[in-house]
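In what follows, a structure is listed as C-alpha cells, so that the remarks can point back to it.
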Protein chains: 2
Amino acid sequence: MQPYPSKLLEQAVNEISRLPGIGRKTALRMALHLLRRDTSEVEALGQAVIRMRKEVIYCNRCKNISDNDVCSICANLKRDQFTVCVVEDIRDVMAVENTNQFGGVYHVLGGIISPMDGVGPQDLSIDSLLDRIEMENITEVILALPTTIEGDTTNFYIARRLNRFSVKITTIARGISIGDELEYADEVTLGRSILNRTPYNVSI
Amino acid sequence: MQPYPSKLLEQAVNEISRLPGIGRKTALRMALHLLRRDTSEVEALGQAVIRMRKEVIYCNRCKNISDNDVCSICANLKRDQFTVCVVEDIRDVMAVENTNQFGGVYHVLGGIISPMDGVGPQDLSIDSLLDRIEMENITEVILALPTTIEGDTTNFYIARRLNRFSVKITTIARGISIGDELEYADEVTLGRSILNRTPYNVSI
C-alpha cells in the first residue's frame, strides 16, 4: 500500500478506522467525503462526538444514558417501579421501548460477562442492581440478555446472586418469530417453543 | 422509533449518520462504542477530522491532497512530467500508484460531471488541466475515469476541450480481468477486449 499523500489525511483515516466495522478503505472514503463538506459540518461532527463523550451522564438508578441525574424512564411515575428489565446496553432499552409492551423500568448492565474480552462481573453494574433490589422493594427482575454463551453466563451469575432475595426472576420468551415457517426454524428454538408453550386464548 | 434518552447522544448519532453508507443504527452503535472509549481517544478522532478539513492543502499543480503547495508526486523530478493521468479523486491516484506501473504525473478532477448530483464542468478542475497542457508542454493525457455514463460524459467533454491542443489522448485499457473466465465476462467487456486486442509478444 502506498503512503497517503497527506499526513493529516492519514491521521484522520487512522482514527476513523478504529470505529467498529470500519476498515481503512471505508475510512478513506469517509475522510474524502468530509473533505468535500463544509468546514462547519465537519466541526459539528467532531464537536458532537467529543461533547457526547465528555458530557453524557448515566442515570443514577438504572445506568441508562441520560442528560439528567435520573433518566426520563426512571423519573416517569406512571411506570411500574417494581418490575426491572435487565438489559445489556441502551440499544436494548430502545428496542424494548419500541414495542410499547413494557411499563416497568430498566437496569442497564453496560455489557455482559465475557472473559474473552476481559469483561468480568465487576465491570458491569450488577452490584447496583442488587442494591436496587434491596432498597426499592423490586418484585420482579426480567432478564433480557442475548442467548449467547456470554448472555447465559451473565444470566446465571445474576440469578445466583439474586438467590438471597425473594424476588421473582423471569426471562423473555424465546420461540418462533411471528411470521416464520416452522420448517426453517432451528431445532433448539422450536424445541423450546414447544416446552414453553402458552395457553391458547380464544378472545373475540 | 422512540426518542433517544439523551440529546447529546442524539446529536452525535445525527452527525455520524451523515457519513456515507452509515445509517442511524450503525451510527448509534458507533456512538455507544465511543462512549466506552477513553475521552482522549474520542478527542483524537474529533480533532483529527476537524484538523484535516481545516488544514489539508491541495497541490497547486495536480489538485491532489497534499501537506505542501506541491505534492510529492509532482515534486519528484524522476517522474515523467509530460504524461498526465486524469483521475476522479485521490483514491484513484493511490490505486494507480499501487500498481507501480505509472511513472508520470496526475491531474485530480475532484469528481466527474454528474447533472443528477448537480456537478458540472465548472465544479471540476478541468480549466486547470487545460492551463497545464498549455503551459507545461504535456505530450499525453491518459483518461482514467470510471466507465459509467458520468465517466463517459466527462471523458467526452475533456476530449472535446483538448481538441485545440496537439496532445495525445489515451484511455486505460478495458478488458477481461487477469484470472477471469471468458464465459462469465459480460458481452460489452469481452467485445471490447477483442476489438482492442494487443499484439502477442513472445518474450522469454
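All residue names refer to the C-alpha cells as shown: chains lettered A, B, ... in order, residues numbered from 1 in each chain, ligands numbered from 1 in order.
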Chain A contacts to chain B at 8 Å (only C-alpha atoms) as a compact mmCIF listing (two decimals) with N, CA, C and O atoms, in the first residue's frame:
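Listing of iface.txt after writing:
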```txt
# COMPACT_ATOMS: atom_id res chain seq x y z
N MET A 1 0.85 -1.20 0.00
CA MET A 1 0.00 0.00 0.00
C MET A 1 0.88 1.24 0.00
O MET A 1 1.83 1.34 0.78
N GLN A 2 0.58 2.17 -0.89
CA GLN A 2 1.32 3.42 -0.96
C GLN A 2 1.00 4.28 0.26
O GLN A 2 -0.08 4.19 0.81
N TYR A 4 -0.15 7.60 2.28
CA TYR A 4 -1.14 8.62 1.95
C TYR A 4 -0.42 9.89 1.53
O TYR A 4 0.65 10.18 2.05
N PRO A 5 -1.01 10.66 0.64
CA PRO A 5 -0.33 11.86 0.17
C PRO A 5 -0.28 12.97 1.21
O PRO A 5 0.40 13.97 1.01
N SER A 6 -0.98 12.80 2.33
CA SER A 6 -1.02 13.86 3.34
C SER A 6 -1.06 13.23 4.72
O SER A 6 -1.82 12.30 4.97
N LYS A 7 -0.24 13.75 5.61
CA LYS A 7 -0.20 13.23 6.98
C LYS A 7 -1.53 13.48 7.70
O LYS A 7 -1.99 12.66 8.49
N LEU A 8 -2.13 14.64 7.41
CA LEU A 8 -3.40 14.98 8.05
C LEU A 8 -4.48 13.99 7.65
O LEU A 8 -5.27 13.53 8.47
N LEU A 9 -4.49 13.66 6.37
CA LEU A 9 -5.46 12.68 5.87
C LEU A 9 -5.20 11.33 6.54
O LEU A 9 -6.13 10.66 6.99
N GLN A 11 -3.83 10.66 9.41
CA GLN A 11 -4.27 10.64 10.81
C GLN A 11 -5.77 10.48 10.92
O GLN A 11 -6.27 9.71 11.73
N ALA A 12 -6.50 11.22 10.07
CA ALA A 12 -7.96 11.11 10.11
C ALA A 12 -8.40 9.69 9.76
O ALA A 12 -9.25 9.12 10.43
N GLU A 15 -7.79 7.34 12.66
CA GLU A 15 -8.76 7.48 13.76
C GLU A 15 -10.13 6.92 13.35
O GLU A 15 -10.76 6.21 14.13
N ILE A 16 -10.57 7.24 12.13
CA ILE A 16 -11.89 6.76 11.70
C ILE A 16 -11.90 5.24 11.63
O ILE A 16 -12.89 4.61 11.98
N LEU A 19 -13.16 2.89 14.46
CA LEU A 19 -14.58 2.68 14.75
C LEU A 19 -14.94 1.23 14.41
O LEU A 19 -14.35 0.64 13.51
N PRO A 20 -15.93 0.66 15.10
CA PRO A 20 -16.26 -0.74 14.85
C PRO A 20 -16.81 -0.93 13.44
O PRO A 20 -17.65 -0.16 12.99
N MET A 30 -14.75 7.89 3.83
CA MET A 30 -15.40 8.85 4.72
C MET A 30 -14.58 10.14 4.83
O MET A 30 -15.13 11.23 4.82
N ALA A 31 -13.26 10.00 4.94
CA ALA A 31 -12.41 11.18 5.07
C ALA A 31 -12.54 12.05 3.82
O ALA A 31 -12.67 13.28 3.92
N HIS A 33 -15.05 12.15 1.82
CA HIS A 33 -16.39 12.73 1.86
C HIS A 33 -16.38 13.99 2.75
O HIS A 33 -16.93 15.03 2.37
N LEU A 34 -15.72 13.89 3.90
CA LEU A 34 -15.68 15.04 4.82
C LEU A 34 -14.91 16.21 4.20
O LEU A 34 -15.24 17.37 4.43
N LEU A 35 -13.90 15.90 3.40
CA LEU A 35 -13.12 16.96 2.76
C LEU A 35 -13.97 17.76 1.79
O LEU A 35 -13.70 18.94 1.54
N THR A 39 -16.64 23.20 6.18
CA THR A 39 -15.89 23.10 7.44
C THR A 39 -16.84 23.04 8.63
O THR A 39 -16.61 22.30 9.58
N VAL A 42 -18.13 19.58 9.28
CA VAL A 42 -17.12 18.68 9.84
C VAL A 42 -16.88 19.03 11.31
O VAL A 42 -16.73 18.14 12.16
N GLU A 43 -16.90 20.33 11.61
CA GLU A 43 -16.75 20.74 13.00
C GLU A 43 -17.92 20.23 13.84
O GLU A 43 -17.74 19.79 14.97
N ALA A 44 -19.13 20.29 13.28
CA ALA A 44 -20.30 19.81 14.00
C ALA A 44 -20.13 18.34 14.36
O ALA A 44 -20.41 17.93 15.48
N LEU A 45 -19.63 17.56 13.40
CA LEU A 45 -19.41 16.13 13.67
C LEU A 45 -18.38 15.94 14.77
O LEU A 45 -18.64 15.26 15.77
N GLY A 46 -17.21 16.57 14.60
CA GLY A 46 -16.14 16.39 15.57
C GLY A 46 -16.56 16.82 16.97
O GLY A 46 -16.35 16.11 17.96
N GLN A 47 -17.21 17.99 17.04
CA GLN A 47 -17.60 18.53 18.35
C GLN A 47 -18.71 17.70 18.98
O GLN A 47 -18.71 17.48 20.20
N ALA A 48 -19.66 17.23 18.18
CA ALA A 48 -20.76 16.45 18.74
C ALA A 48 -20.24 15.18 19.41
O ALA A 48 -20.70 14.80 20.49
N VAL A 49 -19.26 14.57 18.75
CA VAL A 49 -18.71 13.33 19.28
C VAL A 49 -17.95 13.60 20.59
O VAL A 49 -18.10 12.89 21.58
N ILE A 50 -17.13 14.65 20.58
CA ILE A 50 -16.34 14.97 21.77
C ILE A 50 -17.27 15.39 22.92
O ILE A 50 -17.11 14.94 24.06
N ARG A 51 -18.25 16.23 22.61
CA ARG A 51 -19.17 16.70 23.65
C ARG A 51 -19.94 15.53 24.26
O ARG A 51 -20.11 15.45 25.47
N MET A 52 -20.41 14.64 23.39
CA MET A 52 -21.15 13.49 23.90
C MET A 52 -20.28 12.72 24.90
O MET A 52 -20.72 12.41 26.01
N ARG A 53 -19.03 12.44 24.50
CA ARG A 53 -18.16 11.63 25.36
C ARG A 53 -17.91 12.33 26.69
O ARG A 53 -17.85 11.70 27.74
N LYS A 54 -17.77 13.68 26.63
CA LYS A 54 -17.39 14.40 27.85
C LYS A 54 -18.57 14.67 28.76
O LYS A 54 -18.43 14.72 29.97
N GLU A 55 -19.76 14.90 28.17
CA GLU A 55 -20.85 15.46 28.96
C GLU A 55 -21.99 14.51 29.26
O GLU A 55 -22.84 14.81 30.09
N VAL A 56 -22.01 13.37 28.56
CA VAL A 56 -23.15 12.48 28.79
C VAL A 56 -23.12 11.96 30.22
O VAL A 56 -22.05 11.73 30.81
N ASN A 64 -28.79 3.93 32.60
CA ASN A 64 -29.06 4.27 31.21
C ASN A 64 -28.39 5.61 30.90
O ASN A 64 -28.16 6.41 31.80
N ILE A 65 -28.10 5.84 29.64
CA ILE A 65 -27.55 7.13 29.23
C ILE A 65 -28.63 8.19 29.41
O ILE A 65 -29.80 7.94 29.15
N SER A 66 -28.23 9.36 29.86
CA SER A 66 -29.22 10.37 30.22
C SER A 66 -28.62 11.76 30.13
O SER A 66 -27.40 11.92 30.08
N ASP A 67 -29.46 12.77 30.08
CA ASP A 67 -28.96 14.14 30.19
C ASP A 67 -29.09 14.65 31.62
O ASP A 67 -28.59 15.71 31.96
N CYS A 71 -32.87 9.32 34.62
CA CYS A 71 -33.34 9.33 33.23
C CYS A 71 -34.85 9.48 33.17
O CYS A 71 -35.55 9.33 34.17
N SER A 72 -35.36 9.77 31.99
CA SER A 72 -36.79 10.07 31.85
C SER A 72 -37.66 8.85 32.14
O SER A 72 -38.80 8.99 32.59
N MET A 94 -33.93 0.78 23.98
CA MET A 94 -34.69 1.39 22.89
C MET A 94 -35.53 0.34 22.16
O MET A 94 -36.67 0.62 21.75
N GLU A 97 -38.49 -0.48 24.38
CA GLU A 97 -39.41 0.67 24.41
C GLU A 97 -40.22 0.76 23.12
O GLU A 97 -41.40 1.12 23.15
N ASN A 98 -39.58 0.40 21.99
CA ASN A 98 -40.29 0.47 20.70
C ASN A 98 -41.50 -0.45 20.65
O ASN A 98 -42.40 -0.23 19.85
```
Item to complete: List the neighbours of Cys74 of chain A out to 9 Å using only C-alpha atoms; skip same-chain residues closer than 5 positions along the sequence, and give me the result as a PyMOL selection string.
Response: chain A and resi 59+61-62+79+81+104-106
Discussion item. One number please: atom CA of Thr83 of chain B to atom CA of Glu140 of chain B, in Å, one decimal.
Written reply: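 Atom-to-atom, atom CA of Thr83 of chain B and atom CA of Glu140 of chain B are spaced 4.9 Å apart.
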